[in-house]
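Quick look at my_file.pdb (PDB, C-alpha atoms):
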ATOM      1  CA  LEU A1431       0.000   0.000   0.000  1.00  0.00           C
ATOM      2  CA  TYR A1432       2.950   2.340   0.501  1.00  0.00           C
ATOM      3  CA  LEU A1433       3.664   2.948  -3.184  1.00  0.00           C
ATOM      4  CA  PRO A1434       0.103   3.824  -4.303  1.00  0.00           C
ATOM      5  CA  CYS A1435      -0.316   6.081  -1.255  1.00  0.00           C
ATOM      6  CA  VAL A1436       2.970   7.939  -1.651  1.00  0.00           C
ATOM      7  CA  CYS A1437       2.433   8.380  -5.399  1.00  0.00           C
ATOM      8  CA  LEU A1438      -1.104   9.682  -4.827  1.00  0.00           C
ATOM      9  CA  LEU A1439       0.103  12.126  -2.173  1.00  0.00           C
ATOM     10  CA  SER A1440       2.853  13.329  -4.507  1.00  0.00           C
ATOM     11  CA  VAL A1441       0.399  14.005  -7.327  1.00  0.00           C
ATOM     12  CA  GLN A1442      -2.138  15.661  -5.000  1.00  0.00           C
ATOM     13  CA  ALA A1443       0.552  17.900  -3.522  1.00  0.00           C
ATOM     14  CA  LEU A1444       1.809  18.948  -6.956  1.00  0.00           C
ATOM     15  CA  LYS A1445      -1.744  19.770  -8.017  1.00  0.00           C
ATOM     16  CA  THR A1446      -2.509  21.881  -4.940  1.00  0.00           C
ATOM     17  CA  LEU A1447       0.815  23.495  -3.971  1.00  0.00           C
ATOM     18  CA  PRO A1448       1.232  27.091  -5.200  1.00  0.00           C
ATOM     19  CA  SER A1449       4.197  26.820  -7.583  1.00  0.00           C
ATOM     20  CA  GLY A1450       3.905  29.688 -10.020  1.00  0.00           C
ATOM     21  CA  THR A1451       7.025  31.505  -8.834  1.00  0.00           C
ATOM     22  CA  ALA A1452      10.443  30.555  -7.501  1.00  0.00           C
ATOM     23  CA  GLY A1453       9.461  31.902  -4.084  1.00  0.00           C
ATOM     24  CA  GLU A1454       6.334  29.745  -3.952  1.00  0.00           C
ATOM     25  CA  ARG A1455       8.294  26.685  -4.981  1.00  0.00           C
ATOM     26  CA  THR A1456      10.623  27.364  -2.050  1.00  0.00           C
ATOM     27  CA  THR A1457       8.190  28.149   0.775  1.00  0.00           C
ATOM     28  CA  SER A1458       4.819  26.605  -0.133  1.00  0.00           C
ATOM     29  CA  THR A1459       3.560  23.689   1.972  1.00  0.00           C
ATOM     30  CA  ASN A1460       0.212  22.000   2.449  1.00  0.00           C
ATOM     31  CA  GLN A1461      -1.331  18.954   4.079  1.00  0.00           C
ATOM     32  CA  HIS A1462      -0.548  16.640   1.156  1.00  0.00           C
ATOM     33  CA  SER A1463       3.131  17.602   0.950  1.00  0.00           C
ATOM     34  CA  THR A1464       3.596  17.218   4.712  1.00  0.00           C
ATOM     35  CA  GLN A1465       1.893  13.818   4.690  1.00  0.00           C
ATOM     36  CA  PHE A1466       4.017  12.757   1.731  1.00  0.00           C
ATOM     37  CA  LEU A1467       7.242  13.634   3.538  1.00  0.00           C
ATOM     38  CA  ALA A1468       6.159  11.946   6.768  1.00  0.00           C
ATOM     39  CA  LEU A1469       5.173   8.735   4.961  1.00  0.00           C
ATOM     40  CA  TYR A1470       8.338   8.700   2.859  1.00  0.00           C
ATOM     41  CA  LEU A1471      10.639   9.242   5.848  1.00  0.00           C
ATOM     42  CA  VAL A1472       9.017   6.510   7.947  1.00  0.00           C
ATOM     43  CA  HIS A1473       9.185   4.034   5.063  1.00  0.00           C
ATOM     44  CA  ALA A1474      12.815   4.932   4.289  1.00  0.00           C
ATOM     45  CA  VAL A1475      13.866   4.268   7.889  1.00  0.00           C
ATOM     46  CA  CYS A1476      12.043   0.922   7.978  1.00  0.00           C
ATOM     47  CA  HIS A1477      13.358  -0.189   4.603  1.00  0.00           C
ATOM     48  CA  LEU A1478      16.898   0.881   5.467  1.00  0.00           C
ATOM     49  CA  VAL A1479      16.830  -1.544   8.408  1.00  0.00           C
ATOM     50  CA  PHE A1480      15.161  -4.263   6.305  1.00  0.00           C
ATOM     51  CA  VAL A1481      17.825  -4.028   3.576  1.00  0.00           C
ATOM     52  CA  GLN A1482      20.563  -4.865   6.070  1.00  0.00           C
ATOM     53  CA  PHE A1483      18.998  -8.273   6.775  1.00  0.00           C
ATOM     54  CA  LYS A1484      17.767  -9.003   3.266  1.00  0.00           C
ATOM     55  CA  PRO A1485      19.836 -11.624   1.388  1.00  0.00           C
ATOM     56  CA  GLY A1486      21.509 -10.336  -1.720  1.00  0.00           C
ATOM     57  CA  PRO A1487      24.751  -8.985  -3.200  1.00  0.00           C
ATOM     58  CA  ALA A1488      26.641  -6.615  -0.920  1.00  0.00           C
ATOM     59  CA  HIS A1489      26.990  -4.121  -3.783  1.00  0.00           C
ATOM     60  CA  ASP A1490      23.215  -3.846  -4.218  1.00  0.00           C
ATOM     61  CA  LYS A1491      22.666  -3.513  -0.464  1.00  0.00           C
ATOM     62  CA  MET A1492      25.270  -0.750  -0.291  1.00  0.00           C
ATOM     63  CA  LEU A1493      23.644   1.214  -3.128  1.00  0.00           C
ATOM     64  CA  MET A1494      20.161   0.874  -1.653  1.00  0.00           C
ATOM     65  CA  SER A1495      21.397   1.903   1.799  1.00  0.00           C
ATOM     66  CA  LEU A1496      23.153   4.928   0.326  1.00  0.00           C
ATOM     67  CA  HIS A1497      19.964   5.835  -1.547  1.00  0.00           C
ATOM     68  CA  HIS A1498      17.941   5.749   1.677  1.00  0.00           C
ATOM     69  CA  VAL A1499      20.471   7.680   3.754  1.00  0.00           C
ATOM     70  CA  VAL A1500      20.750  10.480   1.189  1.00  0.00           C
ATOM     71  CA  SER A1501      16.970  10.656   0.790  1.00  0.00           C
ATOM     72  CA  LEU A1502      16.483  10.732   4.570  1.00  0.00           C
ATOM     73  CA  VAL A1503      18.875  13.661   4.940  1.00  0.00           C
ATOM     74  CA  ALA A1504      17.406  15.648   2.033  1.00  0.00           C
ATOM     75  CA  PHE A1505      13.745  15.014   2.824  1.00  0.00           C
ATOM     76  CA  GLY A1506      14.403  15.338   6.542  1.00  0.00           C
ATOM     77  CA  ILE A1507      15.632  18.910   5.941  1.00  0.00           C
ATOM     78  CA  ASN A1508      12.475  19.593   3.918  1.00  0.00           C
ATOM     79  CA  PHE A1509      10.262  18.218   6.675  1.00  0.00           C
ATOM     80  CA  VAL A1510      11.953  20.018   9.578  1.00  0.00           C
ATOM     81  CA  SER A1511      12.463  23.353   7.844  1.00  0.00           C
ATOM     82  CA  GLY A1512       9.082  23.522   6.119  1.00  0.00           C
ATOM     83  CA  ARG A1513      10.824  24.551   2.892  1.00  0.00           C
ATOM     84  CA  TRP A1514      11.236  23.093  -0.598  1.00  0.00           C
ATOM     85  CA  HIS A1515       8.169  20.829  -0.320  1.00  0.00           C
ATOM     86  CA  TYR A1516       7.476  21.359  -4.027  1.00  0.00           C
ATOM     87  CA  TRP A1517      10.862  19.916  -4.942  1.00  0.00           C
ATOM     88  CA  ALA A1518      10.386  16.960  -2.582  1.00  0.00           C
ATOM     89  CA  VAL A1519       6.994  15.940  -3.973  1.00  0.00           C
ATOM     90  CA  LEU A1520       8.297  16.419  -7.514  1.00  0.00           C
ATOM     91  CA  ASP A1521      11.009  13.899  -6.667  1.00  0.00           C
ATOM     92  CA  GLY A1522       8.298  11.669  -5.206  1.00  0.00           C
ATOM     93  CA  LEU A1523       6.976  10.919  -8.693  1.00  0.00           C
ATOM     94  CA  CYS A1524       9.954   8.575  -9.109  1.00  0.00           C
ATOM     95  CA  GLU A1525       8.260   6.150  -6.698  1.00  0.00           C
ATOM     96  CA  THR A1526       5.935   5.213  -9.587  1.00  0.00           C
ATOM     97  CA  THR A1527       8.646   2.896 -10.892  1.00  0.00           C
ATOM     98  CA  GLY A1528       8.505   0.876  -7.672  1.00  0.00           C
ATOM     99  CA  ILE A1529       5.029  -0.388  -8.571  1.00  0.00           C
ATOM    100  CA  PHE A1530       6.377  -2.243 -11.592  1.00  0.00           C
ATOM    101  CA  VAL A1531       9.475  -3.447  -9.741  1.00  0.00           C
ATOM    102  CA  ASN A1532       7.160  -4.953  -7.118  1.00  0.00           C
ATOM    103  CA  ASN A1533       5.080  -6.566  -9.869  1.00  0.00           C
ATOM    104  CA  LEU A1534       8.249  -8.256 -11.129  1.00  0.00           C
ATOM    105  CA  HIS A1535       9.082  -9.629  -7.682  1.00  0.00           C
ATOM    106  CA  LEU A1536       5.475 -10.714  -7.138  1.00  0.00           C
ATOM    107  CA  MET A1537       5.365 -12.687 -10.392  1.00  0.00           C
ATOM    108  CA  LYS A1538       8.628 -14.412  -9.466  1.00  0.00           C
ATOM    109  CA  HIS A1539       7.347 -15.202  -5.977  1.00  0.00           C
ATOM    110  CA  LEU A1540       4.068 -16.625  -7.314  1.00  0.00           C
ATOM    111  CA  ARG A1541       5.932 -18.388 -10.132  1.00  0.00           C
ATOM    112  CA  ILE A1542       3.834 -16.724 -12.803  1.00  0.00           C
ATOM    113  CA  ASP A1543       5.631 -17.576 -16.034  1.00  0.00           C
ATOM    114  CA  SER A1544       3.761 -15.596 -18.666  1.00  0.00           C
ATOM    115  CA  ALA A1545       5.730 -14.072 -21.504  1.00  0.00           C
ATOM    116  CA  ARG A1546       2.935 -11.592 -22.208  1.00  0.00           C
ATOM    117  CA  LEU A1547       2.702 -10.395 -18.593  1.00  0.00           C
ATOM    118  CA  ASN A1548       6.479 -10.164 -18.271  1.00  0.00           C
ATOM    119  CA  ALA A1549       6.741  -8.149 -21.489  1.00  0.00           C
ATOM    120  CA  ALA A1550       3.860  -5.837 -20.518  1.00  0.00           C
ATOM    121  CA  ASN A1551       5.260  -5.171 -17.050  1.00  0.00           C
ATOM    122  CA  GLY A1552       8.748  -4.797 -18.515  1.00  0.00           C
ATOM    123  CA  ALA A1553       7.483  -2.167 -20.954  1.00  0.00           C
ATOM    124  CA  LEU A1554       5.806  -0.225 -18.150  1.00  0.00           C
ATOM    125  CA  LEU A1555       8.904  -0.466 -15.956  1.00  0.00           C
ATOM    126  CA  TRP A1556      11.225   0.575 -18.790  1.00  0.00           C
ATOM    127  CA  GLY A1557       9.024   3.501 -19.821  1.00  0.00           C
ATOM    128  CA  SER A1558       8.349   4.728 -16.287  1.00  0.00           C
ATOM    129  CA  TRP A1559      12.049   4.491 -15.424  1.00  0.00           C
ATOM    130  CA  VAL A1560      12.994   6.687 -18.370  1.00  0.00           C
ATOM    131  CA  VAL A1561      10.257   9.262 -17.707  1.00  0.00           C
ATOM    132  CA  CYS A1562       9.985   9.234 -13.897  1.00  0.00           C
ATOM    133  CA  ARG A1563      13.676   8.890 -13.083  1.00  0.00           C
ATOM    134  CA  LEU A1564      16.125   9.660 -15.881  1.00  0.00           C
ATOM    135  CA  CYS A1565      14.102  12.526 -17.366  1.00  0.00           C
ATOM    136  CA  LEU A1566      12.559  13.662 -14.075  1.00  0.00           C
ATOM    137  CA  PHE A1567      15.834  14.012 -12.156  1.00  0.00           C
ATOM    138  CA  SER A1568      17.492  15.772 -15.105  1.00  0.00           C
ATOM    139  CA  TRP A1569      14.625  18.255 -15.389  1.00  0.00           C
ATOM    140  CA  TRP A1570      14.550  18.672 -11.585  1.00  0.00           C
ATOM    141  CA  LEU A1571      18.209  19.705 -11.539  1.00  0.00           C
ATOM    142  CA  TRP A1572      17.835  22.116 -14.450  1.00  0.00           C
ATOM    143  CA  THR A1573      14.798  23.887 -12.937  1.00  0.00           C
ATOM    144  CA  TRP A1574      16.307  23.865  -9.420  1.00  0.00           C
ATOM    145  CA  PHE A1575      19.410  25.759 -10.530  1.00  0.00           C
ATOM    146  CA  ALA A1576      17.310  28.086 -12.697  1.00  0.00           C
ATOM    147  CA  ASP A1577      15.244  28.934  -9.602  1.00  0.00           C
ATOM    148  CA  ASN A1578      17.984  29.089  -6.978  1.00  0.00           C
ATOM    149  CA  LYS A1579      21.197  30.243  -8.644  1.00  0.00           C
ATOM    150  CA  TRP A1580      20.870  33.690  -7.033  1.00  0.00           C
ATOM    151  CA  ARG A1581      20.417  32.115  -3.586  1.00  0.00           C
ATOM    152  CA  TYR A1582      23.905  30.608  -3.707  1.00  0.00           C
ATOM    153  CA  LYS A1583      25.446  34.072  -4.020  1.00  0.00           C
ATOM    154  CA  VAL A1584      23.309  35.512  -1.221  1.00  0.00           C
ATOM    155  CA  THR A1585      23.942  32.557   1.090  1.00  0.00           C
ATOM    156  CA  ALA A1586      27.690  32.687   0.465  1.00  0.00           C
ATOM    157  CA  GLN A1587      27.855  36.408   1.284  1.00  0.00           C
ATOM    158  CA  ASN A1588      25.441  36.678   4.196  1.00  0.00           C
ATOM    159  CA  ALA A1589      24.117  34.717   7.134  1.00  0.00           C
ATOM    160  CA  SER A1590      21.155  32.690   5.950  1.00  0.00           C
ATOM    161  CA  SER A1591      17.692  33.910   6.902  1.00  0.00           C
ATOM    162  CA  HIS A1592      16.803  30.302   7.654  1.00  0.00           C
ATOM    163  CA  PRO A1593      19.126  28.016   9.660  1.00  0.00           C
ATOM    164  CA  LEU A1594      18.751  25.104   7.253  1.00  0.00           C
ATOM    165  CA  GLU A1595      18.804  27.032   3.981  1.00  0.00           C
ATOM    166  CA  ALA A1596      22.541  26.625   3.389  1.00  0.00           C
ATOM    167  CA  TYR A1597      22.281  22.878   3.969  1.00  0.00           C
ATOM    168  CA  GLY A1598      19.218  22.522   1.761  1.00  0.00           C
ATOM    169  CA  LEU A1599      20.734  24.435  -1.124  1.00  0.00           C
ATOM    170  CA  TYR A1600      23.562  21.929  -1.387  1.00  0.00           C
ATOM    171  CA  VAL A1601      22.032  18.692  -0.095  1.00  0.00           C
ATOM    172  CA  ALA A1602      18.980  18.769  -2.384  1.00  0.00           C
ATOM    173  CA  PRO A1603      20.823  18.996  -5.732  1.00  0.00           C
ATOM    174  CA  ALA A1604      23.596  16.673  -4.530  1.00  0.00           C
ATOM    175  CA  SER A1605      21.039  14.027  -3.603  1.00  0.00           C
ATOM    176  CA  ASN A1606      19.348  14.339  -6.994  1.00  0.00           C
ATOM    177  CA  LEU A1607      22.659  14.069  -8.823  1.00  0.00           C
ATOM    178  CA  LEU A1608      23.322  10.877  -6.889  1.00  0.00           C
ATOM    179  CA  LEU A1609      19.821   9.554  -7.573  1.00  0.00           C
ATOM    180  CA  LEU A1610      20.226  10.283 -11.278  1.00  0.00           C
ATOM    181  CA  ALA A1611      23.552   8.414 -11.370  1.00  0.00           C
ATOM    182  CA  MET A1612      22.127   5.453  -9.446  1.00  0.00           C
ATOM    183  CA  SER A1613      19.008   5.358 -11.640  1.00  0.00           C
ATOM    184  CA  ALA A1614      21.211   5.282 -14.748  1.00  0.00           C
ATOM    185  CA  HIS A1615      23.208   2.433 -13.194  1.00  0.00           C
ATOM    186  CA  TRP A1616      20.051   0.451 -12.361  1.00  0.00           C
ATOM    187  CA  PHE A1617      18.585   1.098 -15.805  1.00  0.00           C
ATOM    188  CA  VAL A1618      21.154  -1.212 -17.400  1.00  0.00           C
ATOM    189  CA  PRO A1619      19.745  -4.462 -15.892  1.00  0.00           C
ATOM    190  CA  ILE A1620      16.199  -3.139 -16.402  1.00  0.00           C
ATOM    191  CA  HIS A1621      16.887  -2.670 -20.108  1.00  0.00           C
ATOM    192  CA  ARG A1622      18.457  -6.115 -20.366  1.00  0.00           C
ATOM    193  CA  GLY A1623      15.510  -7.690 -18.570  1.00  0.00           C
ATOM    194  CA  PHE A1624      13.036  -5.941 -20.873  1.00  0.00           C
ATOM    195  CA  ALA A1625      14.958  -7.105 -23.945  1.00  0.00           C
ATOM    196  CA  LYS A1626      14.932 -10.657 -22.567  1.00  0.00           C
ATOM    197  CA  ALA A1627      11.171 -10.459 -21.945  1.00  0.00           C
ATOM    198  CA  LEU A1628      10.571  -9.255 -25.509  1.00  0.00           C
ATOM    199  CA  ALA A1629      12.712 -12.094 -26.867  1.00  0.00           C
ATOM    200  CA  ALA A1630      10.726 -14.626 -24.813  1.00  0.00           C
ATOM    201  CA  LEU A1631       7.453 -13.153 -26.087  1.00  0.00           C
ATOM    202  CA  ALA A1632       8.672 -13.330 -29.687  1.00  0.00           C
ATOM    203  CA  ALA A1633       9.758 -16.951 -29.192  1.00  0.00           C
ATOM    204  CA  GLU A1634       6.373 -17.821 -27.685  1.00  0.00           C
ATOM    205  CA  ARG A1635       4.547 -16.226 -30.594  1.00  0.00           C
ATOM    206  CA  ALA A1636       6.771 -18.052 -33.075  1.00  0.00           C
ATOM    207  CA  THR A1637       6.051 -21.346 -31.308  1.00  0.00           C
ATOM    208  CA  ASP A1638       2.318 -20.617 -31.231  1.00  0.00           C
ATOM    209  CA  GLY A1639       2.428 -19.672 -34.902  1.00  0.00           C
ATOM    210  CA  ALA A1640       4.232 -22.892 -35.821  1.00  0.00           C
ATOM    211  CA  ALA A1641       1.737 -24.929 -33.814  1.00  0.00           C
ATOM    212  CA  ALA A1642      -1.158 -23.133 -35.480  1.00  0.00           C
ATOM    213  CA  ASP A1643       0.329 -23.765 -38.935  1.00  0.00           C
ATOM    214  CA  GLU A1644       0.817 -27.426 -38.075  1.00  0.00           C
ATOM    215  CA  ALA A1645      -2.763 -27.674 -36.865  1.00  0.00           C
ATOM    216  CA  ALA A1646      -3.995 -25.955 -40.010  1.00  0.00           C
ATOM    217  CA  ASP A1647      -1.983 -28.323 -42.195  1.00  0.00           C
ATOM    218  CA  GLY A1648      -3.400 -31.281 -40.279  1.00  0.00           C
ATOM    219  CA  ALA A1649      -6.918 -29.975 -40.706  1.00  0.00           C
ATOM    220  CA  ALA A1650      -6.316 -29.427 -44.400  1.00  0.00           C
ATOM    221  CA  ASP A1651      -4.954 -32.963 -44.790  1.00  0.00           C
ATOM    222  CA  GLY A1652      -7.968 -34.343 -42.939  1.00  0.00           C
ATOM    223  CA  ALA A1653     -10.355 -32.359 -45.106  1.00  0.00           C
ATOM    224  CA  GLY A1654      -8.568 -33.565 -48.230  1.00  0.00           C
ATOM    225  CA  ALA A1655      -8.782 -37.179 -47.097  1.00  0.00           C
ATOM    226  CA  ALA A1656     -12.478 -36.774 -46.355  1.00  0.00           C
ATOM    227  CA  GLU A1657     -13.097 -35.308 -49.798  1.00  0.00           C
ATOM    228  CA  ASP A1658     -11.217 -38.170 -51.424  1.00  0.00           C
ATOM    229  CA  ALA A1659     -13.221 -40.698 -49.432  1.00  0.00           C
ATOM    230  CA  ALA A1660     -16.465 -38.988 -50.373  1.00  0.00           C
ATOM    231  CA  ALA A1661     -15.525 -38.875 -54.044  1.00  0.00           C
ATOM    232  CA  LYS A1662     -14.577 -42.560 -54.011  1.00  0.00           C
ATOM    233  CA  GLY A1663     -17.861 -43.438 -52.369  1.00  0.00           C
ATOM    234  CA  ALA A1664     -19.775 -41.518 -54.993  1.00  0.00           C
ATOM    235  CA  VAL A1665     -17.977 -43.379 -57.763  1.00  0.00           C
ATOM    236  CA  ASP A1666     -18.681 -46.750 -56.134  1.00  0.00           C
TER     237      ASP A1666
END

Just dump the structure as structure tokens.
Amino acid sequence: LYLPCVCLLSVQALKTLPSGTAGERTTSTNQHSTQFLALYLVHAVCHLVFVQFKPGPAHDKMLMSLHHVVSLVAFGINFVSGRWHYWAVLDGLCETTGIFVNNLHLMKHLRIDSARLNAANGALLWGSWVVCRLCLFSWWLWTWFADNKWRYKVTAQNASSHPLEAYGLYVAPASNLLLLAMSAHWFVPIHRGFAKALAALAAERATDGAAADEAADGAADGAGAAEDAAAKGAVD
């Protein structure tokens, strides 16, 4: 239930948060954005602990742990300071990809071996990963620096008007750069898996086509034999 809830809260927050100006994108908050951050932070803490005991390659566990720690720091600053909620919920759209990752694990757990389902879920995972991670994080970084480039000069020259502003200005883009790099790294096995699913679907269709042709040939042979028998009977 976590993924549908956090995705819904992210969309609702983006729809309702005032975000027409750079100032609004910095200071605007509402009930949906606060709930999104609270839910995300609680889940990240729980999953960070879970990952440590989950069997799997140490490399994957290290990357996932790093992902959670960086997200906890960045979103924790958003939650405590009451700033940059717009940027947090915009990042939250990336959780959409988790739905299709979970589908993949669920099909493996239930031993559902369907080439069509694997290909369909693979297409959704591949497409959502490109849009909701690779494109989203790139666009996030571009718009963040377009909005906040003047703040870096002010913060460097003067004491910040908000105690966490200096931290947020550097932690938020750094975390998104890291998330973009990690998403690009994880996209490689996702692409390979999707290609494998498409190959399996093509092989299944080829097999089904060959079986259908064989059945059609058998039916044609049977019909021909019946016609011959009928013709012979008519002659007799």

Atom CA of Glu1595 of chain A to atom CA of Ala1504 of chain A, distance in Å rounded to a single decimal: 11.6 Å

Reference answer for the PyMOL selection byres ((chain A and resi 1557-1564) around 7), as JSON, numbers by chain: {"A": [1523, 1524, 1527, 1553, 1554, 1555, 1556, 1565, 1566, 1567, 1568, 1610, 1613, 1614]}

Contacts of Thr1459 of chain A within 9 Å, all atoms listed in the file, excl. fewer than 6 positions in-chain, as a ChimeraX atom specification: /A:1443,1447-1448,1512-1516

Result set of the PyMOL selection byres ((chain A and resi 1608) around 12) on the coordinates above, as a ChimeraX atom specification: /A:1493-1494,1496-1501,1504,1563-1564,1567-1568,1571,1601-1607,1609-1615

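Applied to the file shown here, the PyMOL selection byres ((chain A and resi 1549) around 10) selects Ser1544, Ala1545, Arg1546, Leu1547, Asn1548, Ala1550, Asn1551, Gly1552, Ala1553, Leu1554, Leu1555, Gly1623, Phe1624, Ala1625, Lys1626, Ala1627, Leu1628, Ala1629, Ala1630, Leu1631 and Ala1632 of chain A.
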
Option closest in space to Ser1458 of chain A, from A:Thr1446, A:Ser1440, A:Thr1573, A:Ser1495 [counting only C-alpha atoms]: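 Comparing A:Thr1446, A:Ser1440, A:Thr1573, A:Ser1495 against Ser1458 of chain A, the winner is A:Thr1446.
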
Interatomic distance, atom CA of Phe1509 of chain A to atom CA of Phe1617 of chain A (Å, one decimal):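 Distance reported for this atom pair: 29.5 Å.
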
Between atom CA of Pro1487 of chain A and atom CA of Leu1467 of chain A - distance in Å to one decimal: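 Calculated distance between atom CA of Leu1467 of chain A and atom CA of Pro1487 of chain A is 29.4 Å.
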
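Comparing the minimum interatomic distances between Ala1518 of chain A and each of A:His1489, A:Arg1635, A:Lys1579, A:His1462, counting all atoms listed in the file, we find that A:His1462 sits nearest.
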
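Between Gly1522 of chain A and the residues A:Gln1465, A:Asn1578, A:Thr1637, A:Asn1460, the shortest atom-to-atom distance, using all atoms listed in the file, involves A:Gln1465.
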
Nearest candidate to Tyr1597 of chain A (options A:Ile1507, A:Leu1520, A:Ala1633, A:Leu1534; using all atoms listed in the file):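 When distances to Tyr1597 of chain A are compared using all atoms listed in the file, the smallest one comes from A:Ile1507.
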
Counting only C-alpha atoms, the residue of A:His1473, A:Arg1622, A:Arg1455, A:His1539 that sits nearest Leu1433 of chain A: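 Closest residue, counting only C-alpha atoms: A:His1473.
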
Reconstructed all heavy atoms for segment 1561-1567 of chain A, given as a compact mmCIF listing (two decimals), keeping the file's coordinate frame:
# COMPACT_ATOMS: atom_id res chain seq x y z
N VAL A 1561 11.00 8.01 -17.92
CA VAL A 1561 10.26 9.26 -17.71
C VAL A 1561 10.37 9.75 -16.27
O VAL A 1561 10.67 10.93 -16.01
CB VAL A 1561 8.77 9.08 -18.10
CG1 VAL A 1561 7.97 10.33 -17.74
CG2 VAL A 1561 8.65 8.77 -19.58
N CYS A 1562 10.11 8.84 -15.31
CA CYS A 1562 9.98 9.23 -13.90
C CYS A 1562 11.30 9.22 -13.12
O CYS A 1562 11.30 9.56 -11.93
CB CYS A 1562 8.97 8.33 -13.19
SG CYS A 1562 7.30 8.50 -13.84
N ARG A 1563 12.38 8.84 -13.76
CA ARG A 1563 13.68 8.89 -13.08
C ARG A 1563 14.71 9.62 -13.94
O ARG A 1563 15.18 10.69 -13.57
CB ARG A 1563 14.16 7.49 -12.72
CG ARG A 1563 13.42 6.91 -11.51
CD ARG A 1563 14.02 5.60 -11.04
NE ARG A 1563 13.37 5.14 -9.81
CZ ARG A 1563 13.78 5.42 -8.58
NH1 ARG A 1563 14.86 6.16 -8.41
NH2 ARG A 1563 13.14 4.97 -7.53
N LEU A 1564 15.07 9.06 -15.08
CA LEU A 1564 16.12 9.66 -15.88
C LEU A 1564 15.75 11.06 -16.37
O LEU A 1564 16.54 12.01 -16.24
CB LEU A 1564 16.46 8.75 -17.07
CG LEU A 1564 16.90 7.32 -16.71
CD1 LEU A 1564 17.23 6.54 -17.98
CD2 LEU A 1564 18.09 7.34 -15.77
N CYS A 1565 14.55 11.21 -16.90
CA CYS A 1565 14.10 12.53 -17.37
C CYS A 1565 13.73 13.42 -16.20
O CYS A 1565 14.06 14.62 -16.18
CB CYS A 1565 12.92 12.38 -18.32
SG CYS A 1565 13.31 11.60 -19.90
N LEU A 1566 13.02 12.85 -15.20
CA LEU A 1566 12.56 13.66 -14.08
C LEU A 1566 13.72 14.27 -13.30
O LEU A 1566 13.72 15.49 -13.03
CB LEU A 1566 11.71 12.81 -13.14
CG LEU A 1566 11.28 13.48 -11.83
CD1 LEU A 1566 10.33 14.64 -12.10
CD2 LEU A 1566 10.65 12.48 -10.88
N PHE A 1567 14.71 13.48 -12.94
CA PHE A 1567 15.83 14.01 -12.16
C PHE A 1567 16.63 15.04 -12.96
O PHE A 1567 17.13 16.02 -12.40
CB PHE A 1567 16.74 12.88 -11.68
CG PHE A 1567 16.10 11.96 -10.69
CD1 PHE A 1567 16.39 10.60 -10.68
CD2 PHE A 1567 15.22 12.45 -9.74
CE1 PHE A 1567 15.80 9.75 -9.75
CE2 PHE A 1567 14.62 11.61 -8.80
CZ PHE A 1567 14.91 10.26 -8.81
